[in-house]
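Participant: My structure is in query21.txt, and what it holds is compact mmCIF, N, CA and C atoms:
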# COMPACT_ATOMS: atom_id res chain seq x y z
N MET K 970 1.28 -24.03 -30.29
CA MET K 970 0.27 -23.49 -29.40
C MET K 970 -0.28 -22.20 -29.98
N ALA K 971 -1.59 -22.12 -30.09
CA ALA K 971 -2.23 -20.92 -30.62
C ALA K 971 -2.20 -19.83 -29.57
N ARG K 972 -1.64 -18.70 -29.93
CA ARG K 972 -1.52 -17.62 -28.96
C ARG K 972 -2.69 -16.64 -29.03
N ASN K 973 -3.71 -16.97 -29.78
CA ASN K 973 -4.85 -16.05 -29.86
C ASN K 973 -6.10 -16.63 -29.21
N LEU K 974 -5.94 -17.58 -28.28
CA LEU K 974 -7.08 -18.14 -27.59
C LEU K 974 -7.47 -17.25 -26.42
N VAL K 975 -8.71 -16.81 -26.43
CA VAL K 975 -9.25 -16.00 -25.35
C VAL K 975 -10.28 -16.87 -24.63
N SER K 976 -10.06 -17.11 -23.35
CA SER K 976 -10.98 -17.92 -22.56
C SER K 976 -11.88 -17.02 -21.73
N VAL K 977 -13.15 -17.38 -21.66
CA VAL K 977 -14.15 -16.62 -20.92
C VAL K 977 -14.67 -17.50 -19.79
N VAL K 978 -14.63 -16.98 -18.56
CA VAL K 978 -15.15 -17.69 -17.41
C VAL K 978 -16.25 -16.82 -16.79
N ASP K 979 -17.48 -17.29 -16.92
CA ASP K 979 -18.63 -16.56 -16.38
C ASP K 979 -19.74 -17.57 -16.12
N ASP K 980 -20.41 -17.44 -14.98
CA ASP K 980 -21.47 -18.38 -14.64
C ASP K 980 -22.77 -18.10 -15.39
N ASP K 981 -22.87 -16.97 -16.07
CA ASP K 981 -24.07 -16.61 -16.83
C ASP K 981 -23.93 -17.11 -18.28
N GLU K 982 -24.79 -18.06 -18.65
CA GLU K 982 -24.69 -18.67 -19.98
C GLU K 982 -24.82 -17.64 -21.11
N SER K 983 -25.72 -16.68 -20.97
CA SER K 983 -25.90 -15.69 -22.04
C SER K 983 -24.66 -14.82 -22.21
N ILE K 984 -23.99 -14.49 -21.12
CA ILE K 984 -22.75 -13.70 -21.21
C ILE K 984 -21.67 -14.54 -21.89
N ARG K 985 -21.54 -15.81 -21.50
CA ARG K 985 -20.54 -16.68 -22.14
C ARG K 985 -20.78 -16.77 -23.63
N ARG K 986 -22.02 -17.01 -24.01
CA ARG K 986 -22.36 -17.19 -25.42
C ARG K 986 -22.10 -15.92 -26.22
N THR K 987 -22.62 -14.80 -25.76
CA THR K 987 -22.46 -13.56 -26.53
C THR K 987 -21.01 -13.08 -26.55
N THR K 988 -20.31 -13.25 -25.45
CA THR K 988 -18.91 -12.80 -25.40
C THR K 988 -18.03 -13.67 -26.28
N THR K 989 -18.23 -14.98 -26.28
CA THR K 989 -17.40 -15.83 -27.15
C THR K 989 -17.70 -15.56 -28.62
N ARG K 990 -18.96 -15.34 -28.97
CA ARG K 990 -19.28 -15.00 -30.37
C ARG K 990 -18.62 -13.68 -30.77
N LEU K 991 -18.65 -12.73 -29.87
CA LEU K 991 -18.03 -11.43 -30.14
C LEU K 991 -16.53 -11.60 -30.34
N ILE K 992 -15.88 -12.34 -29.47
CA ILE K 992 -14.44 -12.58 -29.58
C ILE K 992 -14.10 -13.25 -30.91
N GLU K 993 -14.90 -14.24 -31.29
CA GLU K 993 -14.67 -14.92 -32.56
C GLU K 993 -14.89 -13.98 -33.74
N SER K 994 -15.83 -13.06 -33.62
CA SER K 994 -16.06 -12.10 -34.70
C SER K 994 -14.88 -11.15 -34.86
N PHE K 995 -14.08 -11.00 -33.80
CA PHE K 995 -12.87 -10.17 -33.86
C PHE K 995 -11.71 -10.92 -34.52
N GLY K 996 -11.89 -12.23 -34.76
CA GLY K 996 -10.84 -13.02 -35.39
C GLY K 996 -10.00 -13.83 -34.42
N PHE K 997 -10.40 -13.88 -33.16
CA PHE K 997 -9.69 -14.68 -32.16
C PHE K 997 -10.43 -15.99 -31.94
N ARG K 998 -9.73 -16.98 -31.41
CA ARG K 998 -10.39 -18.21 -30.97
C ARG K 998 -10.90 -17.97 -29.57
N ALA K 999 -12.01 -18.61 -29.22
CA ALA K 999 -12.59 -18.43 -27.90
C ALA K 999 -12.98 -19.76 -27.29
N ALA K 1000 -12.87 -19.84 -25.98
CA ALA K 1000 -13.34 -20.99 -25.22
C ALA K 1000 -14.12 -20.44 -24.03
N ALA K 1001 -15.19 -21.12 -23.64
CA ALA K 1001 -16.03 -20.64 -22.55
C ALA K 1001 -16.15 -21.67 -21.44
N PHE K 1002 -16.20 -21.18 -20.22
CA PHE K 1002 -16.30 -22.03 -19.04
C PHE K 1002 -17.28 -21.42 -18.07
N GLU K 1003 -18.11 -22.28 -17.44
CA GLU K 1003 -19.13 -21.77 -16.53
C GLU K 1003 -18.60 -21.60 -15.11
N SER K 1004 -17.37 -22.06 -14.85
CA SER K 1004 -16.80 -21.90 -13.52
C SER K 1004 -15.28 -21.82 -13.58
N ALA K 1005 -14.71 -21.28 -12.52
CA ALA K 1005 -13.25 -21.22 -12.42
C ALA K 1005 -12.67 -22.63 -12.40
N TYR K 1006 -13.36 -23.53 -11.68
CA TYR K 1006 -12.88 -24.91 -11.60
C TYR K 1006 -12.88 -25.57 -12.97
N GLY K 1007 -13.90 -25.31 -13.77
CA GLY K 1007 -13.96 -25.86 -15.12
C GLY K 1007 -12.79 -25.38 -15.96
N PHE K 1008 -12.45 -24.12 -15.84
CA PHE K 1008 -11.30 -23.58 -16.57
C PHE K 1008 -10.01 -24.22 -16.10
N LEU K 1009 -9.84 -24.31 -14.79
CA LEU K 1009 -8.60 -24.86 -14.23
C LEU K 1009 -8.38 -26.33 -14.63
N ARG K 1010 -9.46 -27.07 -14.81
CA ARG K 1010 -9.37 -28.49 -15.20
C ARG K 1010 -9.25 -28.69 -16.71
N SER K 1011 -9.39 -27.62 -17.47
CA SER K 1011 -9.46 -27.75 -18.93
C SER K 1011 -8.09 -27.88 -19.59
N SER K 1012 -8.13 -28.39 -20.80
CA SER K 1012 -6.90 -28.47 -21.60
C SER K 1012 -6.53 -27.10 -22.18
N GLN K 1013 -7.45 -26.13 -22.14
CA GLN K 1013 -7.17 -24.80 -22.67
C GLN K 1013 -6.40 -23.90 -21.71
N LEU K 1014 -6.26 -24.33 -20.46
CA LEU K 1014 -5.57 -23.51 -19.46
C LEU K 1014 -4.21 -23.03 -19.98
N HIS K 1015 -3.41 -23.94 -20.51
CA HIS K 1015 -2.06 -23.57 -20.93
C HIS K 1015 -2.00 -22.95 -22.32
N ASP K 1016 -3.10 -22.99 -23.06
CA ASP K 1016 -3.15 -22.36 -24.38
C ASP K 1016 -3.76 -20.96 -24.34
N THR K 1017 -4.34 -20.59 -23.22
CA THR K 1017 -5.04 -19.31 -23.11
C THR K 1017 -4.05 -18.15 -23.10
N ALA K 1018 -4.26 -17.22 -24.04
CA ALA K 1018 -3.41 -16.03 -24.13
C ALA K 1018 -4.00 -14.87 -23.35
N CYS K 1019 -5.30 -14.91 -23.12
CA CYS K 1019 -5.99 -13.84 -22.41
C CYS K 1019 -7.23 -14.46 -21.75
N LEU K 1020 -7.49 -14.06 -20.51
CA LEU K 1020 -8.61 -14.61 -19.77
C LEU K 1020 -9.58 -13.49 -19.42
N ILE K 1021 -10.85 -13.70 -19.77
CA ILE K 1021 -11.91 -12.76 -19.40
C ILE K 1021 -12.72 -13.46 -18.33
N VAL K 1022 -12.79 -12.87 -17.15
CA VAL K 1022 -13.42 -13.57 -16.03
C VAL K 1022 -14.35 -12.64 -15.25
N ASP K 1023 -15.50 -13.19 -14.90
CA ASP K 1023 -16.47 -12.48 -14.08
C ASP K 1023 -15.93 -12.41 -12.65
N VAL K 1024 -16.19 -11.31 -11.98
CA VAL K 1024 -15.73 -11.16 -10.60
C VAL K 1024 -16.55 -12.04 -9.67
N GLN K 1025 -17.87 -11.96 -9.77
CA GLN K 1025 -18.73 -12.68 -8.84
C GLN K 1025 -19.29 -13.95 -9.48
N MET K 1026 -18.84 -15.09 -8.96
CA MET K 1026 -19.33 -16.39 -9.40
C MET K 1026 -19.42 -17.29 -8.19
N PRO K 1027 -20.32 -18.28 -8.23
CA PRO K 1027 -20.38 -19.23 -7.13
C PRO K 1027 -19.11 -20.09 -7.09
N GLY K 1028 -18.81 -20.62 -5.92
CA GLY K 1028 -17.59 -21.42 -5.78
C GLY K 1028 -16.40 -20.49 -5.74
N MET K 1029 -15.46 -20.70 -6.62
CA MET K 1029 -14.28 -19.83 -6.72
C MET K 1029 -14.64 -18.60 -7.55
N ASN K 1030 -14.54 -17.41 -6.95
CA ASN K 1030 -14.86 -16.19 -7.70
C ASN K 1030 -13.65 -15.75 -8.53
N GLY K 1031 -13.84 -14.69 -9.30
CA GLY K 1031 -12.79 -14.23 -10.20
C GLY K 1031 -11.51 -13.81 -9.50
N LEU K 1032 -11.64 -13.12 -8.37
CA LEU K 1032 -10.45 -12.70 -7.63
C LEU K 1032 -9.70 -13.90 -7.05
N GLN K 1033 -10.44 -14.90 -6.61
CA GLN K 1033 -9.80 -16.12 -6.11
C GLN K 1033 -9.11 -16.87 -7.24
N LEU K 1034 -9.71 -16.88 -8.43
CA LEU K 1034 -9.07 -17.51 -9.59
C LEU K 1034 -7.78 -16.79 -9.92
N GLN K 1035 -7.81 -15.47 -9.90
CA GLN K 1035 -6.61 -14.69 -10.17
C GLN K 1035 -5.50 -15.05 -9.17
N SER K 1036 -5.84 -15.13 -7.89
CA SER K 1036 -4.85 -15.48 -6.86
C SER K 1036 -4.32 -16.89 -7.07
N HIS K 1037 -5.20 -17.83 -7.41
CA HIS K 1037 -4.79 -19.21 -7.64
C HIS K 1037 -3.81 -19.30 -8.81
N LEU K 1038 -4.13 -18.64 -9.90
CA LEU K 1038 -3.25 -18.66 -11.07
C LEU K 1038 -1.89 -18.06 -10.74
N ALA K 1039 -1.89 -16.95 -9.99
CA ALA K 1039 -0.63 -16.31 -9.61
C ALA K 1039 0.20 -17.24 -8.73
N ALA K 1040 -0.44 -17.92 -7.80
CA ALA K 1040 0.26 -18.85 -6.90
C ALA K 1040 0.87 -20.02 -7.67
N GLN K 1041 0.25 -20.37 -8.80
CA GLN K 1041 0.75 -21.46 -9.63
C GLN K 1041 1.79 -20.98 -10.65
N GLY K 1042 2.09 -19.68 -10.64
CA GLY K 1042 3.06 -19.13 -11.58
C GLY K 1042 2.51 -18.98 -12.98
N CYS K 1043 1.21 -18.96 -13.11
CA CYS K 1043 0.55 -18.85 -14.40
C CYS K 1043 0.25 -17.37 -14.68
N GLY K 1044 0.95 -16.79 -15.61
CA GLY K 1044 0.84 -15.36 -15.85
C GLY K 1044 -0.11 -14.97 -16.97
N ILE K 1045 -1.27 -15.60 -17.05
CA ILE K 1045 -2.24 -15.25 -18.08
C ILE K 1045 -2.79 -13.85 -17.80
N PRO K 1046 -2.76 -12.95 -18.78
CA PRO K 1046 -3.37 -11.63 -18.57
C PRO K 1046 -4.88 -11.77 -18.34
N ILE K 1047 -5.39 -11.07 -17.34
CA ILE K 1047 -6.80 -11.19 -16.98
C ILE K 1047 -7.54 -9.87 -17.17
N ILE K 1048 -8.67 -9.98 -17.87
CA ILE K 1048 -9.62 -8.87 -18.01
C ILE K 1048 -10.83 -9.25 -17.16
N PHE K 1049 -11.11 -8.46 -16.14
CA PHE K 1049 -12.28 -8.72 -15.31
C PHE K 1049 -13.50 -8.03 -15.90
N ILE K 1050 -14.64 -8.71 -15.81
CA ILE K 1050 -15.91 -8.11 -16.19
C ILE K 1050 -16.87 -8.29 -15.01
N THR K 1051 -17.70 -7.28 -14.79
CA THR K 1051 -18.61 -7.37 -13.64
C THR K 1051 -19.82 -6.48 -13.81
N ALA K 1052 -20.92 -6.93 -13.27
CA ALA K 1052 -22.13 -6.12 -13.20
C ALA K 1052 -22.13 -5.31 -11.91
N TYR K 1053 -21.23 -5.65 -11.00
CA TYR K 1053 -21.13 -4.99 -9.69
C TYR K 1053 -19.76 -4.37 -9.55
N ASP K 1054 -19.61 -3.16 -10.05
CA ASP K 1054 -18.31 -2.49 -10.06
C ASP K 1054 -18.02 -1.89 -8.69
N GLU K 1055 -17.53 -2.73 -7.80
CA GLU K 1055 -17.18 -2.29 -6.46
C GLU K 1055 -15.73 -1.81 -6.43
N LYS K 1056 -15.50 -0.68 -5.80
CA LYS K 1056 -14.16 -0.09 -5.77
C LYS K 1056 -13.13 -1.04 -5.17
N GLU K 1057 -13.49 -1.75 -4.11
CA GLU K 1057 -12.54 -2.64 -3.46
C GLU K 1057 -12.16 -3.82 -4.37
N SER K 1058 -13.13 -4.39 -5.07
CA SER K 1058 -12.83 -5.48 -6.01
C SER K 1058 -11.94 -4.97 -7.14
N ARG K 1059 -12.27 -3.79 -7.66
CA ARG K 1059 -11.45 -3.20 -8.73
C ARG K 1059 -10.02 -2.98 -8.24
N ARG K 1060 -9.88 -2.41 -7.05
CA ARG K 1060 -8.56 -2.13 -6.50
C ARG K 1060 -7.76 -3.43 -6.35
N ARG K 1061 -8.39 -4.45 -5.76
CA ARG K 1061 -7.70 -5.73 -5.55
C ARG K 1061 -7.29 -6.37 -6.87
N ALA K 1062 -8.19 -6.35 -7.84
CA ALA K 1062 -7.90 -6.96 -9.15
C ALA K 1062 -6.73 -6.26 -9.84
N MET K 1063 -6.78 -4.95 -9.87
CA MET K 1063 -5.75 -4.19 -10.58
C MET K 1063 -4.41 -4.28 -9.83
N GLN K 1064 -4.47 -4.23 -8.51
CA GLN K 1064 -3.25 -4.33 -7.71
C GLN K 1064 -2.58 -5.69 -7.90
N ALA K 1065 -3.38 -6.71 -8.13
CA ALA K 1065 -2.85 -8.06 -8.34
C ALA K 1065 -2.43 -8.32 -9.79
N GLY K 1066 -2.54 -7.30 -10.65
CA GLY K 1066 -2.02 -7.43 -12.01
C GLY K 1066 -3.02 -7.56 -13.13
N ALA K 1067 -4.32 -7.39 -12.85
CA ALA K 1067 -5.30 -7.44 -13.94
C ALA K 1067 -4.98 -6.37 -14.97
N VAL K 1068 -5.25 -6.66 -16.23
CA VAL K 1068 -4.99 -5.68 -17.28
C VAL K 1068 -6.16 -4.73 -17.47
N ALA K 1069 -7.37 -5.15 -17.03
CA ALA K 1069 -8.54 -4.29 -17.18
C ALA K 1069 -9.65 -4.77 -16.24
N PHE K 1070 -10.58 -3.86 -15.98
CA PHE K 1070 -11.72 -4.14 -15.13
C PHE K 1070 -12.90 -3.43 -15.78
N LEU K 1071 -13.73 -4.18 -16.51
CA LEU K 1071 -14.81 -3.59 -17.30
C LEU K 1071 -16.16 -3.84 -16.65
N GLY K 1072 -16.96 -2.80 -16.57
CA GLY K 1072 -18.31 -2.94 -16.05
C GLY K 1072 -19.26 -3.42 -17.14
N LYS K 1073 -20.17 -4.32 -16.77
CA LYS K 1073 -21.20 -4.78 -17.70
C LYS K 1073 -22.33 -3.75 -17.67
N PRO K 1074 -22.91 -3.39 -18.77
CA PRO K 1074 -22.51 -3.85 -20.11
C PRO K 1074 -21.33 -3.02 -20.62
N PHE K 1075 -20.46 -3.65 -21.36
CA PHE K 1075 -19.34 -2.97 -21.99
C PHE K 1075 -19.60 -2.97 -23.49
N SER K 1076 -18.99 -2.04 -24.19
CA SER K 1076 -19.20 -1.97 -25.64
C SER K 1076 -18.31 -2.99 -26.36
N ASP K 1077 -18.75 -3.39 -27.54
CA ASP K 1077 -17.95 -4.29 -28.37
C ASP K 1077 -16.57 -3.70 -28.60
N GLU K 1078 -16.52 -2.42 -28.92
CA GLU K 1078 -15.26 -1.74 -29.21
C GLU K 1078 -14.35 -1.70 -27.98
N GLN K 1079 -14.94 -1.47 -26.82
CA GLN K 1079 -14.15 -1.45 -25.58
C GLN K 1079 -13.49 -2.80 -25.34
N LEU K 1080 -14.25 -3.88 -25.53
CA LEU K 1080 -13.70 -5.21 -25.34
C LEU K 1080 -12.62 -5.51 -26.38
N LEU K 1081 -12.89 -5.18 -27.64
CA LEU K 1081 -11.91 -5.42 -28.70
C LEU K 1081 -10.60 -4.69 -28.42
N GLN K 1082 -10.68 -3.42 -28.08
CA GLN K 1082 -9.46 -2.64 -27.81
C GLN K 1082 -8.70 -3.21 -26.62
N THR K 1083 -9.42 -3.66 -25.61
CA THR K 1083 -8.77 -4.23 -24.43
C THR K 1083 -8.06 -5.53 -24.78
N ILE K 1084 -8.72 -6.39 -25.54
CA ILE K 1084 -8.10 -7.66 -25.95
C ILE K 1084 -6.88 -7.39 -26.83
N ARG K 1085 -7.04 -6.51 -27.79
CA ARG K 1085 -5.91 -6.20 -28.70
C ARG K 1085 -4.72 -5.64 -27.93
N SER K 1086 -4.96 -4.71 -27.01
CA SER K 1086 -3.84 -4.13 -26.26
C SER K 1086 -3.21 -5.16 -25.33
N THR K 1087 -4.01 -6.12 -24.87
CA THR K 1087 -3.48 -7.17 -24.01
C THR K 1087 -2.63 -8.16 -24.79
N LEU K 1088 -3.08 -8.53 -25.98
CA LEU K 1088 -2.36 -9.53 -26.78
C LEU K 1088 -1.22 -8.94 -27.59
N GLN K 1089 -1.24 -7.63 -27.78
CA GLN K 1089 -0.20 -6.98 -28.57
C GLN K 1089 0.35 -5.78 -27.82
N PRO K 1090 0.94 -6.00 -26.63
CA PRO K 1090 1.43 -4.88 -25.82
C PRO K 1090 2.51 -4.06 -26.50
N ASP K 1091 3.20 -4.66 -27.48
CA ASP K 1091 4.25 -3.94 -28.20
C ASP K 1091 3.68 -2.91 -29.16
N LYS K 1092 2.36 -2.89 -29.34
CA LYS K 1092 1.72 -1.95 -30.25
C LYS K 1092 1.16 -0.75 -29.49
N GLY K 1093 1.72 -0.47 -28.33
CA GLY K 1093 1.31 0.71 -27.59
C GLY K 1093 0.06 0.51 -26.74
N GLY K 1094 -0.19 -0.73 -26.33
CA GLY K 1094 -1.36 -1.00 -25.50
C GLY K 1094 -1.27 -0.35 -24.13
N THR K 1095 -2.42 -0.03 -23.59
CA THR K 1095 -2.47 0.57 -22.26
C THR K 1095 -3.48 -0.18 -21.42
N LYS K 1096 -3.41 0.03 -20.13
CA LYS K 1096 -4.40 -0.58 -19.24
C LYS K 1096 -5.72 0.16 -19.36
N THR K 1097 -6.79 -0.60 -19.42
CA THR K 1097 -8.12 -0.02 -19.48
C THR K 1097 -8.80 -0.23 -18.14
N THR K 1098 -9.40 0.82 -17.63
CA THR K 1098 -10.12 0.66 -16.37
C THR K 1098 -11.52 1.17 -16.49
Write out the structure in this file as structure tokens.
Facilitator:
Amino acid sequence: MARNLVSVVDDDESIRRTTTRLIESFGFRAAAFESAYGFLRSSQLHDTACLIVDVQMPGMNGLQLQSHLAAQGCGIPIIFITAYDEKESRRRAMQAGAVAFLGKPFSDEQLLQTIRSTLQPDKGGTKTT
């Protein structure tokens, strides 16, 4: 099982495309999904080492996906991304164990550092907010 797969769940096609290209340019494998349901039904669910998920999506939103994964005992580290940085969403996400909550637009370097610290916590990684 490849431990460097980063899955992106976002309903915005341009965000999925640019974020997966960016992740691949960092040397990681990437998979993209337009919905939480698509991710949950995928074969990549159990191979995902890090999940980047939009907070606001139709159907199951990012916070609901986080709760669903936790209820299933799936401990994938989650990095939330959002264009709507609401304090309550941030609080709920972080309280439920998210490793980061990044506002869009985020810098390439910010995303890279967050992914690296998430995948290599033994290298002194910290939570990014």
Participant: Go through K:Leu974, K:Ser1012, K:Ala1065, K:Thr1017 and flag the residue nearest Ser1036 of chain K, using only N, CA and C atoms for the distances.
Facilitator: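 Distance minimum relative to Ser1036 of chain K lands on K:Ala1065.
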Participant: Would you mind telling me which residue in K:Asp1023, K:Asp979, K:Glu1078, K:Asp1054 lies nearest to Ala1000 of chain K when using only C-alpha atoms?
Facilitator: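 Using only C-alpha atoms, the shortest distance to Ala1000 of chain K belongs to K:Asp979.
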Participant: Excluding Arg985 of chain K and residues on its chain fewer than 6 positions from it, collect all residues at most 7 Å away from it, counting all atoms listed in the file, and give them as number ranges by chain.
Facilitator: K: 977-979, 1001-1002
Participant: Between K:Leu1071, K:Val1024, K:Ala1018, K:Ala999, single out the one closest to Gln1089 of chain K, counting only C-alpha atoms.
Facilitator: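 Of K:Leu1071, K:Val1024, K:Ala1018, K:Ala999, the one nearest Gln1089 of chain K, counting only C-alpha atoms, is K:Ala1018.
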Participant: Find the residues near segment 1031-1035 of chain K: any atom within 6.5 Å, counting all atoms listed in the file, skip ones fewer than 4 places away on the same chain, and give them as a list of chain:residue names.
Facilitator: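 Listing them by chain and then by number gives K:Ala1005, K:Val1022, K:Asp1023, K:Val1024, K:Gln1025, K:Met1026, K:Ala1039, K:Ala1040, K:Ala1062.
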Participant: Specify the axis-aligned box that encloses all atoms of segment 1025-1037 of chain K listed in the file after padding of 8 Å on each side, stating its centre and edge lengths in Å to one decimal as lines of an AutoDock Vina configuration file.
Facilitator:
center_x = -12.1
center_y = -16.7
center_z = -8.0
size_x = 32.6
size_y = 25.5
size_z = 20.5
Participant: Could you check which of K:Ser983, K:Ser976, K:Ser1004, K:Thr1083 is closest to Cys1019 of chain K, using only N, CA and C atoms?
Facilitator: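 Selected residue with least distance to Cys1019 of chain K: K:Ser976.
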Participant: Could you pull out the helix (DSSP H, G or I) residues of segment 983-1070 of chain K from DSSP and send them as a PyMOL selection string?
Facilitator: chain K and resi 983-994+1005-1009+1031-1040+1056-1064
Participant: If I take atom C of Gln1013 of chain K and atom CA of Val975 of chain K, how far is one from the other in Å, to one decimal?
Facilitator: 9.2 Å
Participant: Could you check the closest approach to Pro1046 of chain K for each of K:Gly996, K:Pro1074, K:Gly1066, K:Pro1027 and tell me which residue wins, using only N, CA and C atoms?
Facilitator: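 Counting only N, CA and C atoms, the residue closest to Pro1046 of chain K is K:Gly1066.
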Participant: For atom N of Phe995 of chain K and atom N of Leu1081 of chain K, determine how far apart the two atoms are, in Å to one decimal place.
Facilitator: 8.6 Å
Participant: Check chain K with DSSP on the backbone and list each residue it calls strand (DSSP E), as a PyMOL selection string.
Facilitator: chain K and resi 974-978+998-1002+1017-1023+1047-1051+1069-1072
Participant: Could you check how far atom N of Arg986 of chain K sits from atom N of Tyr1053 of chain K, in Å to one decimal?
Facilitator: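 Rounded to one decimal, the two atoms are 17.3 Å apart.
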Participant: So, with only C-alpha atoms as the atoms that count, which of K:Glu1057, K:Leu1038, K:Asp981, K:Ile992 lies closest to Phe1008 of chain K?
Facilitator: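 Residue with the minimum atom-to-atom distance to Phe1008 of chain K: K:Leu1038.
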Participant: At a cut-off of 6.5 Å around the point (-10.6, -4.7, -14.6) (file coordinates), what residues fall inside when counting all atoms listed in the file? I'd like the answer as a PyMOL selection string.
Facilitator: chain K and resi 1048-1050+1059+1062-1063+1067-1071+1097-1098
